[in-house]
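Asks: Provided herewith is a single structure, encoded as structure tokens, for subsequent inquiry.
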Amino acid sequence: RKPLIPFEEIGAEKLSELIDQFYSKVAVHPDLYPIFPDDLAETARKQKQFQTQYLGGPNLYTEEHGHPMMKARHNPFPITPARADAWLSCMAEAMDDVGLEGNLRDIYYKRLVLTARHMVNRNGEGN
Ligand code: HEM
């Protein structure tokens with residue numbers, strides 16, 4: 001059996017659909033839209049590049065933007081535990097929408113939970 005590379009299992013097309021669905025939810029989520037740009041096209045483009053490499057595909061994000069340094073890149077934005085939960089709920093709904101299921105979904109989602117928690121940089125009590 002060939003090695004499991006999540007990016008190859010999902011495929012570029014479905015990953016692109018997933019990210020588009022995800023940002024359509026972010027755009028209307030009351031906890032999230034205030035900290036995002038009004039036009040999410042460029043954000044989605046970068047996120048597709050990032051998720052491609054996060055899932056073991058080609059390093060598209062790094063090739064264009066340099067080292068990801070995701071925690072540092074998120075520091076300007078106030079990310080509370082509630083916003084991390086909101087981000088993950090948008091992603092879970094997007095996974096439902098594109099029919100991402102089973103073991104692959106579980107592994108991917110669990111990784112995103114850890115990364116989302118790592119992005120938390122405010123405690124939600126005024127700092
Ligand atoms: C960019 C919020 C979690 C990957 C951003 C931006 C915001 C944001 C406000 C800036 C958008 C822009 O100006 O274009 C959040 C919140 C999160 C979260 C509230 C909740 C925990 C994550 C996670 C990942 C991620 C878990 C990766 C697995 C990215 C990427 C960018 C980005 C790749 C684009 C960076 C760039 O401008 O080059 N995020 N994020 N984020 N986020 Fe997140």
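Just remember, in the structure tokens the first chain shown is A, the second B, etc., residues are 1-based per chain, and ligands are 1-based in the order shown.
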Distance limit 9 Å, reference ligand 1, atoms considered: only C-alpha atoms and all ligand atoms. Which residues make the cut? Give them as a ChimeraX atom specification.
Replies: /A:31-37,39-51,54,61,65-66,68-71,73-74,76-88,111-120
Asks: Convert the current residue selection to file output with C-alpha atoms, as an mmCIF file, in the first residue's frame.
Replies:
data_model
loop_
_atom_site.group_PDB
_atom_site.id
_atom_site.type_symbol
_atom_site.label_atom_id
_atom_site.label_comp_id
_atom_site.auth_asym_id
_atom_site.auth_seq_id
_atom_site.Cartn_x
_atom_site.Cartn_y
_atom_site.Cartn_z
ATOM 1 C CA ASP A 31 -17.015 36.164 16.453
ATOM 2 C CA LEU A 32 -14.796 35.970 13.377
ATOM 3 C CA TYR A 33 -15.748 38.388 10.605
ATOM 4 C CA PRO A 34 -14.773 41.513 12.607
ATOM 5 C CA ILE A 35 -11.079 40.498 12.673
ATOM 6 C CA PHE A 36 -10.908 39.404 8.998
ATOM 7 C CA PRO A 37 -10.660 41.573 5.865
ATOM 8 C CA ASP A 39 -12.590 40.607 0.901
ATOM 9 C CA LEU A 40 -11.415 37.099 1.783
ATOM 10 C CA ALA A 41 -10.168 36.137 -1.690
ATOM 11 C CA GLU A 42 -6.488 36.707 -0.916
ATOM 12 C CA THR A 43 -6.815 35.121 2.529
ATOM 13 C CA ALA A 44 -8.373 32.022 0.936
ATOM 14 C CA ARG A 45 -5.635 31.895 -1.711
ATOM 15 C CA LYS A 46 -2.940 31.900 0.980
ATOM 16 C CA GLN A 47 -4.834 29.385 3.100
ATOM 17 C CA LYS A 48 -5.032 26.972 0.135
ATOM 18 C CA GLN A 49 -1.285 27.279 -0.263
ATOM 19 C CA PHE A 50 -0.735 26.732 3.448
ATOM 20 C CA GLN A 51 -3.090 23.777 3.823
ATOM 21 C CA TYR A 54 0.313 21.379 6.048
ATOM 22 C CA TYR A 61 2.997 28.783 0.979
ATOM 23 C CA HIS A 65 5.685 33.902 1.548
ATOM 24 C CA GLY A 66 8.687 32.409 3.335
ATOM 25 C CA PRO A 68 5.063 30.140 7.829
ATOM 26 C CA MET A 69 5.668 31.361 11.435
ATOM 27 C CA MET A 70 1.930 30.977 11.897
ATOM 28 C CA LYS A 71 1.825 31.978 15.550
ATOM 29 C CA ARG A 73 1.649 36.001 11.752
ATOM 30 C CA HIS A 74 -1.482 35.718 13.916
ATOM 31 C CA PRO A 76 -1.723 41.169 15.318
ATOM 32 C CA PHE A 77 -5.163 39.535 15.552
ATOM 33 C CA PRO A 78 -6.810 38.979 18.959
ATOM 34 C CA ILE A 79 -7.396 35.217 19.039
ATOM 35 C CA THR A 80 -9.298 34.178 22.147
ATOM 36 C CA PRO A 81 -10.256 30.600 23.047
ATOM 37 C CA ALA A 82 -13.804 31.423 21.834
ATOM 38 C CA ARG A 83 -12.435 32.530 18.444
ATOM 39 C CA ALA A 84 -10.394 29.325 18.165
ATOM 40 C CA ASP A 85 -13.596 27.325 18.811
ATOM 41 C CA ALA A 86 -15.454 29.424 16.235
ATOM 42 C CA TRP A 87 -12.700 28.861 13.647
ATOM 43 C CA LEU A 88 -12.867 25.106 14.264
ATOM 44 C CA ARG A 111 -4.372 18.405 13.914
ATOM 45 C CA LEU A 112 -6.319 21.598 13.276
ATOM 46 C CA VAL A 113 -7.595 21.553 16.883
ATOM 47 C CA LEU A 114 -4.003 21.522 18.140
ATOM 48 C CA THR A 115 -2.895 24.252 15.712
ATOM 49 C CA ALA A 116 -5.928 26.426 16.499
ATOM 50 C CA ARG A 117 -5.245 26.184 20.249
ATOM 51 C CA HIS A 118 -1.639 27.110 19.588
ATOM 52 C CA MET A 119 -2.802 30.310 17.811
ATOM 53 C CA VAL A 120 -4.617 31.583 20.926
#
Asks: So that I can see what lies close to segment 102-104 of chain A, please list as a list in words the residues with an atom at most 12 Å from it, counting only C-alpha atoms and leaving out residues fewer than 5 positions away in the same chain.
Replies: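 Near neighbours after the sequence-gap exclusion: Leu4, Ile5, Pro6, Phe7, Glu8, Glu9, Ile10, Gly11, Leu55, Met95, Asp96, Tyr109, Lys110 and Arg111 of chain A.
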Asks: Output C-alpha atoms of each residue in that selection to a file, as a PDB file, in the first residue's frame.
Replies:
ATOM      1  CA  LEU A   4      -0.729   8.007   3.086  1.00  0.00           C
ATOM      2  CA  ILE A   5      -0.162  11.644   2.251  1.00  0.00           C
ATOM      3  CA  PRO A   6      -3.279  13.493   3.373  1.00  0.00           C
ATOM      4  CA  PHE A   7      -2.954  16.056   0.562  1.00  0.00           C
ATOM      5  CA  GLU A   8      -2.952  13.284  -2.040  1.00  0.00           C
ATOM      6  CA  GLU A   9      -5.885  11.547  -0.367  1.00  0.00           C
ATOM      7  CA  ILE A  10      -7.996  14.711  -0.344  1.00  0.00           C
ATOM      8  CA  GLY A  11      -6.816  16.139  -3.672  1.00  0.00           C
ATOM      9  CA  LEU A  55      -1.153  18.168   4.572  1.00  0.00           C
ATOM     10  CA  MET A  95     -15.824  19.437   6.089  1.00  0.00           C
ATOM     11  CA  ASP A  96     -19.471  18.339   6.277  1.00  0.00           C
ATOM     12  CA  TYR A 109      -9.432  17.844  12.212  1.00  0.00           C
ATOM     13  CA  LYS A 110      -7.477  16.747  15.300  1.00  0.00           C
ATOM     14  CA  ARG A 111      -4.372  18.405  13.914  1.00  0.00           C
TER      15      ARG A 111
END
Asks: Atom CA of Val28 of chain A and atom CA of Val98 of chain A, how far apart in Å?
Replies: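 Distance between the two atoms: 18.6 Å.
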Asks: Please measure the separation of atom CA of His29 of chain A and atom CA of Cys90 of chain A, giving the value in Å to one decimal.
Replies: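 Here the two named atoms are 8.2 Å from each other.
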Asks: Using only C-alpha atoms for the distances, tell me which of A:Lys14, A:Lys25, A:Arg122, A:Lys2 is nearest to Glu93 of chain A.
Replies: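 Result for the nearest residue to Glu93 of chain A: A:Lys25.
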